[in-house]
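start19.cif (mmCIF, C-alpha atoms and all ligand atoms)
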```
data_protein
#
loop_
_atom_site.label_atom_id
_atom_site.label_comp_id
_atom_site.auth_asym_id
_atom_site.auth_seq_id
_atom_site.Cartn_x
_atom_site.Cartn_y
_atom_site.Cartn_z
CA MET A 13 -24.15 26.34 30.81
CA THR A 14 -22.09 27.32 27.79
CA LYS A 15 -23.73 29.60 25.25
CA ARG A 16 -22.96 29.02 21.62
CA LEU A 17 -24.37 30.26 18.33
CA LYS A 18 -26.65 27.84 16.52
CA ALA A 19 -24.99 28.66 13.19
CA GLN A 20 -21.71 30.19 12.05
CA ALA A 21 -23.43 32.48 9.55
CA LEU A 22 -26.29 34.59 10.90
CA ILE A 23 -28.25 36.58 8.34
CA PHE A 24 -30.25 39.58 9.54
CA PHE A 25 -32.90 40.05 6.94
CA GLY A 26 -35.77 42.49 6.45
CA PRO A 27 -36.90 45.66 4.68
CA PRO A 28 -35.03 48.98 4.97
CA GLY A 29 -35.51 50.29 8.51
CA ALA A 30 -36.57 46.94 10.00
CA GLY A 31 -33.79 47.20 12.60
CA LYS A 32 -31.21 44.87 11.01
CA GLY A 33 -28.29 47.12 11.95
CA THR A 34 -29.61 47.84 15.45
CA GLN A 35 -30.04 44.15 16.28
CA ALA A 36 -26.89 42.96 14.46
CA ARG A 37 -24.72 45.36 16.48
CA ALA A 38 -26.16 44.04 19.77
CA VAL A 39 -25.72 40.36 18.86
CA ALA A 40 -22.17 41.01 17.59
CA VAL A 41 -21.26 42.48 21.00
CA GLU A 42 -23.01 39.65 22.90
CA PHE A 43 -21.08 36.92 21.02
CA GLY A 44 -17.88 38.79 20.08
CA ILE A 45 -18.27 38.13 16.35
CA PRO A 46 -18.02 40.60 13.43
CA HIS A 47 -21.04 42.52 12.21
CA ILE A 48 -20.75 42.67 8.42
CA SER A 49 -22.97 45.35 6.91
CA THR A 50 -22.63 45.59 3.13
CA GLY A 51 -24.38 48.98 3.32
CA ASP A 52 -21.77 50.31 5.80
CA MET A 53 -18.91 48.92 3.69
CA LEU A 54 -20.28 50.50 0.53
CA ARG A 55 -20.86 53.85 2.32
CA GLU A 56 -17.26 53.75 3.56
CA ALA A 57 -16.08 53.16 -0.03
CA VAL A 58 -18.20 56.11 -1.21
CA ARG A 59 -16.67 58.35 1.49
CA ALA A 60 -13.14 57.24 0.57
CA GLN A 61 -13.92 57.67 -3.15
CA THR A 62 -12.46 54.27 -4.03
CA PRO A 63 -13.31 52.72 -7.44
CA LEU A 64 -15.92 50.60 -5.63
CA GLY A 65 -17.45 53.70 -4.02
CA LEU A 66 -17.51 55.58 -7.30
CA ALA A 67 -19.27 52.63 -8.98
CA ALA A 68 -21.86 52.27 -6.20
CA ARG A 69 -22.63 55.87 -5.24
CA ALA A 70 -25.35 56.82 -7.71
CA ARG A 71 -27.31 53.60 -7.23
CA MET A 72 -27.13 53.84 -3.43
CA GLU A 73 -28.23 57.46 -3.29
CA SER A 74 -31.23 56.78 -5.51
CA GLY A 75 -32.19 53.68 -3.49
CA GLU A 76 -31.34 51.09 -6.16
CA LEU A 77 -29.46 47.90 -5.40
CA VAL A 78 -25.77 47.69 -6.31
CA ALA A 79 -24.88 44.91 -8.83
CA ASP A 80 -24.68 41.36 -7.44
CA GLU A 81 -21.08 40.75 -8.62
CA ILE A 82 -19.83 43.86 -6.82
CA VAL A 83 -21.60 43.21 -3.51
CA SER A 84 -20.91 39.48 -3.49
CA GLY A 85 -17.19 40.20 -3.98
CA VAL A 86 -17.22 42.69 -1.10
CA ALA A 87 -18.98 40.22 1.22
CA ALA A 88 -16.73 37.27 0.28
CA GLU A 89 -13.57 39.30 0.86
CA ARG A 90 -14.81 40.34 4.33
CA ILE A 91 -15.87 36.80 5.33
CA ALA A 92 -12.40 35.54 4.36
CA ARG A 93 -10.75 37.62 7.09
CA PRO A 94 -9.50 35.74 10.18
CA ASP A 95 -11.92 37.40 12.63
CA CYS A 96 -14.80 35.54 10.92
CA LYS A 97 -13.42 32.08 11.62
CA ASP A 98 -15.87 31.32 14.47
CA GLY A 99 -18.88 33.08 12.98
CA PHE A 100 -20.24 36.38 11.71
CA ILE A 101 -23.41 38.36 11.19
CA LEU A 102 -24.50 39.48 7.73
CA ASP A 103 -26.64 42.63 7.73
CA GLY A 104 -28.13 43.51 4.33
CA PHE A 105 -26.58 40.56 2.46
CA PRO A 106 -27.84 38.55 0.64
CA ARG A 107 -30.49 40.72 -0.97
CA THR A 108 -31.24 38.88 -4.21
CA VAL A 109 -31.65 35.21 -5.07
CA GLY A 110 -28.35 35.43 -7.01
CA GLN A 111 -26.55 36.67 -3.88
CA ALA A 112 -28.17 33.94 -1.76
CA ARG A 113 -26.95 31.24 -4.15
CA PHE A 114 -23.47 32.76 -4.13
CA LEU A 115 -23.47 32.67 -0.32
CA ASP A 116 -24.71 29.06 -0.23
CA GLU A 117 -21.74 28.02 -2.39
CA LEU A 118 -19.28 30.02 -0.30
CA LEU A 119 -20.51 28.49 2.98
CA LYS A 120 -20.41 25.01 1.47
CA GLU A 121 -16.83 25.48 0.19
CA GLN A 122 -15.77 26.67 3.64
CA GLY A 123 -17.60 23.82 5.45
CA ARG A 124 -19.52 26.26 7.60
CA GLY A 125 -22.97 24.62 7.48
CA GLN A 126 -26.29 26.29 6.76
CA PRO A 127 -26.98 29.92 7.73
CA LEU A 128 -29.62 30.95 10.25
CA VAL A 129 -31.86 33.74 8.96
CA ILE A 130 -33.58 36.22 11.27
CA TYR A 131 -36.40 37.93 9.40
CA LEU A 132 -37.44 41.19 11.09
CA ARG A 133 -41.03 41.89 10.10
CA VAL A 134 -42.23 45.55 10.31
CA ASP A 135 -45.15 47.36 8.58
CA SER A 136 -44.30 49.86 5.84
CA GLU A 137 -45.75 52.95 7.63
CA VAL A 138 -43.48 52.27 10.60
CA LEU A 139 -40.50 51.73 8.26
CA ALA A 140 -40.98 55.12 6.60
CA GLN A 141 -41.04 56.81 10.02
CA ARG A 142 -37.94 54.95 11.21
CA LEU A 143 -35.96 55.84 8.07
CA GLY A 144 -37.14 59.46 7.96
CA GLY A 145 -36.26 59.90 11.65
CA ARG A 146 -32.86 58.20 11.63
CA ARG A 147 -29.84 60.36 12.52
CA THR A 148 -26.27 59.14 12.99
CA CYS A 149 -23.29 60.62 14.80
CA PRO A 150 -20.44 61.00 12.27
CA ILE A 151 -17.88 60.74 15.07
CA CYS A 152 -18.92 57.75 17.22
CA GLY A 153 -21.46 56.14 14.86
CA HIS A 154 -24.26 56.08 17.45
CA VAL A 155 -27.68 55.81 15.74
CA TYR A 156 -30.65 57.87 16.99
CA ASN A 157 -34.21 58.20 15.88
CA MET A 158 -36.01 61.55 16.13
CA TYR A 159 -39.34 59.77 16.85
CA PHE A 160 -38.33 56.71 18.88
CA SER A 161 -34.96 57.40 20.52
CA PRO A 162 -34.11 61.12 20.10
CA PRO A 163 -30.94 62.74 21.45
CA LEU A 164 -31.29 64.91 24.57
CA ARG A 165 -30.42 68.06 22.57
CA ASP A 166 -31.94 68.52 19.13
CA GLU A 167 -29.75 66.99 16.34
CA VAL A 168 -26.64 66.75 18.56
CA CYS A 169 -24.96 63.54 19.76
CA ASP A 170 -25.37 62.87 23.52
CA ILE A 171 -21.98 61.14 23.63
CA ASP A 172 -19.63 63.62 21.92
CA GLY A 173 -21.71 66.67 21.03
CA ALA A 174 -21.20 66.31 17.26
CA PRO A 175 -24.01 67.51 14.96
CA LEU A 176 -26.00 64.46 13.80
CA VAL A 177 -26.27 63.62 10.11
CA ARG A 178 -28.97 62.12 7.95
CA ARG A 179 -28.05 59.32 5.53
CA ALA A 180 -28.01 60.39 1.87
CA ASP A 181 -30.65 57.75 1.03
CA ASP A 182 -33.01 58.59 3.92
CA ASN A 183 -35.04 61.10 1.88
CA GLU A 184 -38.62 60.48 0.74
CA GLU A 185 -37.84 59.57 -2.87
CA ALA A 186 -34.93 57.24 -2.11
CA ILE A 187 -36.96 55.57 0.67
CA ARG A 188 -39.73 54.87 -1.85
CA HIS A 189 -37.18 53.30 -4.23
CA ARG A 190 -35.57 51.26 -1.47
CA LEU A 191 -38.92 49.81 -0.39
CA ALA A 192 -39.77 49.04 -4.05
CA SER A 193 -36.39 47.33 -4.60
CA TYR A 194 -36.98 45.33 -1.44
CA CYS A 195 -40.40 44.13 -2.65
CA ALA A 196 -39.18 43.23 -6.14
CA MET A 197 -35.70 41.81 -5.50
CA THR A 198 -35.31 40.91 -1.82
CA ARG A 199 -38.67 39.73 -0.53
CA PRO A 200 -38.47 36.52 -2.65
CA LEU A 201 -35.70 35.41 -0.30
CA ILE A 202 -38.31 34.88 2.43
CA ASP A 203 -39.60 31.84 0.51
CA TYR A 204 -36.08 30.85 -0.54
CA TYR A 205 -34.99 30.47 3.09
CA ARG A 206 -38.36 29.36 4.50
CA GLU A 207 -38.50 26.41 2.07
CA ARG A 208 -35.08 25.35 3.34
CA GLY A 209 -36.24 25.55 6.99
CA LEU A 210 -33.69 28.28 7.81
CA LEU A 211 -35.94 31.31 8.39
CA TYR A 212 -37.02 32.58 11.83
CA ASP A 213 -39.80 35.13 11.73
CA VAL A 214 -39.51 37.91 14.35
CA ASP A 215 -42.01 40.70 15.10
CA GLY A 216 -39.73 43.73 14.66
CA ASP A 217 -42.39 46.24 15.69
CA ARG A 218 -41.59 46.22 19.40
CA THR A 219 -38.97 48.05 21.43
CA PRO A 220 -35.36 47.32 20.39
CA GLU A 221 -34.88 45.54 23.73
CA GLU A 222 -37.91 43.27 23.24
CA VAL A 223 -36.87 42.42 19.68
CA GLY A 224 -33.29 41.86 20.88
CA GLY A 225 -34.36 39.41 23.61
CA ASN A 226 -36.29 37.41 21.03
CA VAL A 227 -33.38 37.43 18.54
CA ILE A 228 -30.76 36.38 21.10
CA ALA A 229 -32.96 33.46 22.22
CA LEU A 230 -33.34 32.29 18.61
CA VAL A 231 -29.63 32.31 17.76
CA THR A 232 -28.39 30.84 21.04
CA GLN A 233 -27.82 27.23 21.87
CA GLU A 234 -27.15 26.38 25.50
CA GLU A 235 -25.05 23.39 26.41
CA ASP A 236 -24.86 21.85 29.85
CA ASP A 237 -21.11 21.64 30.52
CA ARG A 238 -21.66 19.43 33.60
CA LEU A 239 -22.51 16.48 31.36
CA PRO A 240 -19.67 14.00 30.81
CA VAL A 241 -18.14 14.40 27.36
CA GLN A 242 -19.15 11.41 25.25
CA SER A 243 -19.78 11.01 21.59
CA GLY A 244 -22.41 13.59 20.74
CA ASN A 245 -21.63 15.85 23.73
CA ARG A 246 -19.46 18.73 22.66
CA LYS A 247 -16.73 19.64 25.12
CA ALA A 248 -17.16 23.12 26.60
CA THR A 249 -14.38 25.46 25.60
CA SER A 250 -14.88 28.05 28.34
P1 LIG B 1 -28.24 49.27 3.92
O1 LIG B 1 -27.30 50.14 4.63
O2 LIG B 1 -28.19 47.82 4.16
O3 LIG B 1 -29.69 49.87 4.16
P2 LIG B 1 -31.14 49.19 4.29
O4 LIG B 1 -31.26 47.76 3.97
O5 LIG B 1 -31.99 50.12 3.52
O6 LIG B 1 -31.36 49.13 5.77
P3 LIG B 1 -31.15 50.28 6.82
O7 LIG B 1 -29.72 50.34 7.25
O8 LIG B 1 -31.76 51.55 6.33
O9 LIG B 1 -32.11 49.78 7.98
P4 LIG B 1 -31.91 48.70 9.13
O10 LIG B 1 -32.86 47.57 8.91
O11 LIG B 1 -30.46 48.35 9.34
O12 LIG B 1 -32.47 49.54 10.33
P5 LIG B 1 -31.67 50.30 11.52
O13 LIG B 1 -31.29 49.31 12.56
O14 LIG B 1 -30.62 51.20 10.97
O15 LIG B 1 -28.08 49.47 2.33
C1 LIG B 1 -28.02 50.77 1.77
C2 LIG B 1 -27.84 50.66 0.25
O16 LIG B 1 -26.59 49.99 -0.04
C3 LIG B 1 -28.90 49.86 -0.50
O17 LIG B 1 -30.04 50.63 -0.81
C4 LIG B 1 -28.12 49.43 -1.75
O18 LIG B 1 -28.00 50.49 -2.66
C5 LIG B 1 -26.74 49.12 -1.18
N1 LIG B 1 -26.59 47.73 -0.74
C6 LIG B 1 -26.29 47.30 0.52
N2 LIG B 1 -26.25 45.95 0.56
C7 LIG B 1 -26.53 45.54 -0.70
C8 LIG B 1 -26.67 44.24 -1.29
N3 LIG B 1 -26.51 43.12 -0.56
N4 LIG B 1 -26.98 44.17 -2.61
C9 LIG B 1 -27.14 45.30 -3.35
N5 LIG B 1 -27.04 46.55 -2.86
C10 LIG B 1 -26.74 46.66 -1.54
O19 LIG B 1 -32.88 51.18 12.12
C11 LIG B 1 -33.45 52.25 11.37
C12 LIG B 1 -33.94 53.34 12.33
O20 LIG B 1 -34.97 52.78 13.17
C13 LIG B 1 -32.86 53.85 13.30
O21 LIG B 1 -33.09 55.21 13.56
C14 LIG B 1 -33.09 53.02 14.59
O22 LIG B 1 -32.68 53.74 15.74
C15 LIG B 1 -34.61 52.82 14.55
N6 LIG B 1 -35.02 51.54 15.14
C16 LIG B 1 -34.44 50.31 14.97
N7 LIG B 1 -35.12 49.36 15.64
C17 LIG B 1 -36.16 50.01 16.25
C18 LIG B 1 -37.24 49.56 17.09
N8 LIG B 1 -37.37 48.28 17.43
N9 LIG B 1 -38.13 50.49 17.52
C19 LIG B 1 -38.00 51.81 17.17
N10 LIG B 1 -37.00 52.29 16.40
C20 LIG B 1 -36.09 51.38 15.93
#
```
Show how you would write the structure in this file as structure tokens.
Ligand code: AP5
Amino acid sequence: MTKRLKAQALIFFGPPGAGKGTQARAVAVEFGIPHISTGDMLREAVRAQTPLGLAARARMESGELVADEIVSGVAAERIARPDCKDGFILDGFPRTVGQARFLDELLKEQGRGQPLVIYLRVDSEVLAQRLGGRRTCPICGHVYNMYFSPPLRDEVCDIDGAPLVRRADDNEEAIRHRLASYCAMTRPLIDYYRERGLLYDVDGDRTPEEVGGNVIALVTQEEDDRLPVQSGNRKATS
């Protein structure tokens, strides 16, 4: 059996703290495709104090969305890189109907077909706990959670011993704004993609491994490479 992705563009969608990054990282490793997180790219720009970072910083720290034109440009530039030619995972993009339309056009121009959208559904009380408990290692990037997957030693990375850090927007007020922005601007995309038959609803309130098993099954297409190759049977490449 050859395992392939069902779509070239996978969108990991859901509220802040739903587990988009956690699941996107695992699927990217499984299929050897890039994990494109607009949040990570913007945070990197903030750290490097580039013009993009300077423009985005205040909105990110208060939990507001960054302007569509800025984020869409960042995503398009990343998707244009050669490592995305066989597929990629979008984590946190699109987040508004304007961004979704922009992406539709981009995928059409590039002949990549329709995206597949994984919607991770998690209740808001659980989200607040996940965001409040998140800690990240600034050296290796490993993500912990003080409630669900704590490090062995308090606030220190198990892998390299670095003191763990809390994201600038993981405080109570910014979390409230992020959840409000999600409800007002991003949740309408559930209907946008459901009406197009592209949305897969996943219960995100299970262990990361259980959610991951479900997600991998949804994005994977298995092909029997023992079948003779005829019209309609794709030839296995590996
Ligand atoms: P972004 O970085 O995308 O943040 P977010 O959407 O708020 O999502 P998070 O990264 O907080 O959560 P996640 O769903 O990835 O969860 P994670 O896997 O980390 O965006 C940040 C900001 O950038 C935005 O507010 C905005 O300003 C700007 N921005 C980015 N993209 C934009 C766009 N397209 N348009 C406009 N502005 C944009 O998990 C969270 C925690 O839970 C972790 O501790 C993890 O260990 C734990 N966890 C995960 N899964 C489980 C599980 N199953 N069980 C228990 N714990 C779990």
Please report as a tab-separated table every residue of chain A lying within 6 Å of ligand LIG 1 (chain B), along with the nearest atom pair and their distance in Å (one decimal), using all atoms listed in the file.
```
residue	atom	partner	partner_atom	distance
A:Pro28	CA	B:LIG1	O5	3.6
A:Gly29	CA	B:LIG1	O9	3.5
A:Ala30	CA	B:LIG1	O10	3.9
A:Gly31	CA	B:LIG1	O13	3.3
A:Lys32	CA	B:LIG1	O10	3.8
A:Gly33	CA	B:LIG1	O11	3.6
A:Thr34	CA	B:LIG1	O13	3.7
A:Thr50	CA	B:LIG1	N2	4.5
A:Gly51	CA	B:LIG1	O1	3.4
A:Asp52	CA	B:LIG1	O1	5.7
A:Arg71	CA	B:LIG1	O18	5.6
A:Met72	CA	B:LIG1	O18	3.5
A:Gly75	CA	B:LIG1	O17	4.6
A:Glu76	CA	B:LIG1	O18	4.9
A:Leu77	CA	B:LIG1	N5	3.8
A:Val78	CA	B:LIG1	N5	3.8
A:Ala79	CA	B:LIG1	C9	5.9
A:Val83	CA	B:LIG1	N4	5.5
A:Gly104	CA	B:LIG1	O2	4.3
A:Phe105	CA	B:LIG1	N3	4.0
A:Pro106	CA	B:LIG1	N3	4.9
A:Arg107	CA	B:LIG1	N3	4.7
A:Arg142	CA	B:LIG1	O20	4.2
A:Leu143	CA	B:LIG1	C12	5.3
A:Gly145	CA	B:LIG1	O21	6.0
A:Arg146	CA	B:LIG1	O21	3.6
A:Val155	CA	B:LIG1	O22	5.4
A:Tyr156	CA	B:LIG1	O22	4.8
A:Asn157	CA	B:LIG1	O21	3.9
A:Phe160	CA	B:LIG1	C19	5.2
A:Arg190	CA	B:LIG1	O17	5.6
A:Gly216	CA	B:LIG1	N8	5.8
A:Asp217	CA	B:LIG1	N8	5.7
A:Arg218	CA	B:LIG1	N8	5.1
A:Thr219	CA	B:LIG1	N8	4.3
A:Pro220	CA	B:LIG1	N8	3.7
```
**Study point:** Interatomic distance (Å, one decimal) between CA of Gly173 (chain A) and CA of Ser161 (chain A)
**Key:**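 CA of Ser161 (chain A) lies 16.2 Å from CA of Gly173 (chain A).
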Revision key, fill the gap. From the list A:Ala60, A:Leu66, A:Leu210, A:Val86, the nearest residue to Ile48 (chain A) using only C-alpha atoms is A:Val86
**Study point:** CA of Leu54 (chain A) to CA of Gly99 (chain A), straight-line distance in Å
**Key:** 21.5 Å
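Restricting the calculation to all atoms listed in the file, the smallest distance between Cys96 (chain A) and any of A:Ala36, A:Ala229, A:Ala21, A:Leu128 is found for A:Ala21.
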Review point. Between CA of Pro200 (chain A) and CA of Ser49 (chain A), what is the distance, to one decimal in Å?
Key: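 Here the two named atoms are 20.2 Å from each other.
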Set the distance at 6 Å and use all atoms listed in the file: which residues neighbour region 129-138 of chain A once local chain neighbours fewer than 2 positions away are removed? I'd like the list as an mmCIF file with C-alpha atoms, in the coordinates of the input.
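Full text of result-v4.cif as output:
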```
data_model
loop_
_atom_site.group_PDB
_atom_site.id
_atom_site.type_symbol
_atom_site.label_atom_id
_atom_site.label_comp_id
_atom_site.auth_asym_id
_atom_site.auth_seq_id
_atom_site.Cartn_x
_atom_site.Cartn_y
_atom_site.Cartn_z
ATOM 1 C CA LEU A 22 -26.290 34.590 10.900
ATOM 2 C CA ILE A 23 -28.250 36.580 8.340
ATOM 3 C CA PHE A 24 -30.250 39.580 9.540
ATOM 4 C CA PHE A 25 -32.900 40.050 6.940
ATOM 5 C CA GLY A 26 -35.770 42.490 6.450
ATOM 6 C CA ALA A 30 -36.570 46.940 10.000
ATOM 7 C CA ALA A 140 -40.980 55.120 6.600
ATOM 8 C CA GLN A 141 -41.040 56.810 10.020
ATOM 9 C CA LEU A 210 -33.690 28.280 7.810
ATOM 10 C CA LEU A 211 -35.940 31.310 8.390
ATOM 11 C CA TYR A 212 -37.020 32.580 11.830
ATOM 12 C CA ASP A 213 -39.800 35.130 11.730
ATOM 13 C CA VAL A 214 -39.510 37.910 14.350
ATOM 14 C CA ASP A 215 -42.010 40.700 15.100
ATOM 15 C CA GLY A 216 -39.730 43.730 14.660
ATOM 16 C CA ASP A 217 -42.390 46.240 15.690
#
```
Review point. Which protein, DNA or RNA residues have an atom at most 8 Å from (-26.9, 26.5, 6.5), counting only C-alpha atoms? List them as a list in words.
Key: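 It turns out the residues near that spot are Ala19, Ala21, Asp116, Leu119, Arg124, Gly125, Gln126, Pro127, Leu128 and Leu210 of chain A.
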Practice item. Rank nothing, just name the residue among A:Arg59, A:Phe43, A:Gly85, A:Ala192 nearest to Pro150 (chain A), using all atoms listed in the file. Key: A:Arg59
Review point. With only C-alpha atoms as the atoms that count, which of A:Asp181, A:Cys152, A:Arg147, A:Ala57 lies nearest to Glu167 (chain A)?
Key: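 Looking only at the distances to Glu167 (chain A), the closest residue turns out to be A:Arg147.
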Find the axis-aligned box for region 188-194 of chain A, covering all its listed atoms and adding 3 Å on each side, and write its centre and edge lengths in Å to one decimal as JSON.
```
{"center_x": -37.7, "center_y": 50.1, "center_z": -2.5, "size_x": 10.2, "size_y": 15.5, "size_z": 10.2}
```
Practice item. Take the point (-34.1, 56.7, -7.1) as written in the file and pick out every residue within 6 Å of it, counting all atoms listed in the file; give the list as a list in words. Key: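 Final list of nearby residues, as requested, is Ser74, Gly75, Ala186 and His189 of chain A.
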Point to revise | Within 6 Å of Gln233 (chain A) using all atoms listed in the file, minus same-chain residues under 6 positions, as a PyMOL selection string | key: chain A and resi 15-18
Selected residues written out with C-alpha atoms, as a JSON list (two decimals), in the frame of the given file:
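Listing of result-v1.json after writing:
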```
[["chain", "number", "residue", "atom", "x", "y", "z"],
["A", 15, "LYS", "CA", -23.73, 29.60, 25.25],
["A", 16, "ARG", "CA", -22.96, 29.02, 21.62],
["A", 17, "LEU", "CA", -24.37, 30.26, 18.33],
["A", 18, "LYS", "CA", -26.65, 27.84, 16.52]]
```
Review point. Of the residues A:Val39, A:Met53, A:Tyr204, A:Glu235, which is the one nearest to Gly65 (chain A), using only C-alpha atoms?
Key: A:Met53
**Study point:** Who sits within 8 Å of His154 (chain A), all atoms listed in the file, same chain under 3 positions skipped, as an MDAnalysis selection string
**Key:** chainID A and resid 148:149 169
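Remark: for Met197 (chain A), the closest of the candidate residues A:Val168, A:Leu118, A:Ala112, A:Ala174 is A:Ala112 (distances computed over only C-alpha atoms).
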Reconstructed region 124-143 of chain A, atom set N, CA and C atoms, as a CSV table (one decimal), keeping the file's coordinate frame:
```
chain,number,residue,atom,x,y,z
A,124,ARG,N,-19.0,25.5,6.4
A,124,ARG,CA,-19.5,26.3,7.6
A,124,ARG,C,-21.0,25.9,8.0
A,125,GLY,N,-21.6,25.0,7.2
A,125,GLY,CA,-23.0,24.6,7.5
A,125,GLY,C,-23.9,25.7,7.0
A,126,GLN,N,-25.2,25.4,7.3
A,126,GLN,CA,-26.3,26.3,6.8
A,126,GLN,C,-26.4,27.6,7.6
A,127,PRO,N,-26.8,28.7,7.0
A,127,PRO,CA,-27.0,29.9,7.7
A,127,PRO,C,-28.3,29.9,8.5
A,128,LEU,N,-28.4,30.8,9.5
A,128,LEU,CA,-29.6,31.0,10.2
A,128,LEU,C,-30.1,32.4,9.9
A,129,VAL,N,-31.4,32.5,9.5
A,129,VAL,CA,-31.9,33.7,9.0
A,129,VAL,C,-32.9,34.3,9.9
A,130,ILE,N,-32.6,35.5,10.4
A,130,ILE,CA,-33.6,36.2,11.3
A,130,ILE,C,-34.3,37.2,10.4
A,131,TYR,N,-35.6,37.0,10.2
A,131,TYR,CA,-36.4,37.9,9.4
A,131,TYR,C,-37.2,38.9,10.3
A,132,LEU,N,-36.8,40.2,10.3
A,132,LEU,CA,-37.4,41.2,11.1
A,132,LEU,C,-38.6,41.8,10.3
A,133,ARG,N,-39.8,41.5,10.8
A,133,ARG,CA,-41.0,41.9,10.1
A,133,ARG,C,-41.6,43.2,10.7
A,134,VAL,N,-41.7,44.2,9.8
A,134,VAL,CA,-42.2,45.6,10.3
A,134,VAL,C,-43.1,46.1,9.2
A,135,ASP,N,-44.2,46.8,9.6
A,135,ASP,CA,-45.2,47.4,8.6
A,135,ASP,C,-44.5,48.5,7.9
A,136,SER,N,-45.0,48.8,6.6
A,136,SER,CA,-44.3,49.9,5.8
A,136,SER,C,-44.5,51.3,6.4
A,137,GLU,N,-45.6,51.6,7.1
A,137,GLU,CA,-45.8,53.0,7.6
A,137,GLU,C,-44.7,53.2,8.7
A,138,VAL,N,-44.5,52.1,9.5
A,138,VAL,CA,-43.5,52.3,10.6
A,138,VAL,C,-42.1,52.4,10.0
A,139,LEU,N,-41.8,51.7,8.9
A,139,LEU,CA,-40.5,51.7,8.3
A,139,LEU,C,-40.2,53.2,7.8
A,140,ALA,N,-41.2,53.8,7.1
A,140,ALA,CA,-41.0,55.1,6.6
A,140,ALA,C,-40.6,56.1,7.7
A,141,GLN,N,-41.3,55.9,8.9
A,141,GLN,CA,-41.0,56.8,10.0
A,141,GLN,C,-39.6,56.5,10.6
A,142,ARG,N,-39.3,55.3,10.7
A,142,ARG,CA,-37.9,55.0,11.2
A,142,ARG,C,-36.8,55.5,10.3
A,143,LEU,N,-37.0,55.4,9.0
A,143,LEU,CA,-36.0,55.8,8.1
A,143,LEU,C,-35.9,57.4,8.0
```
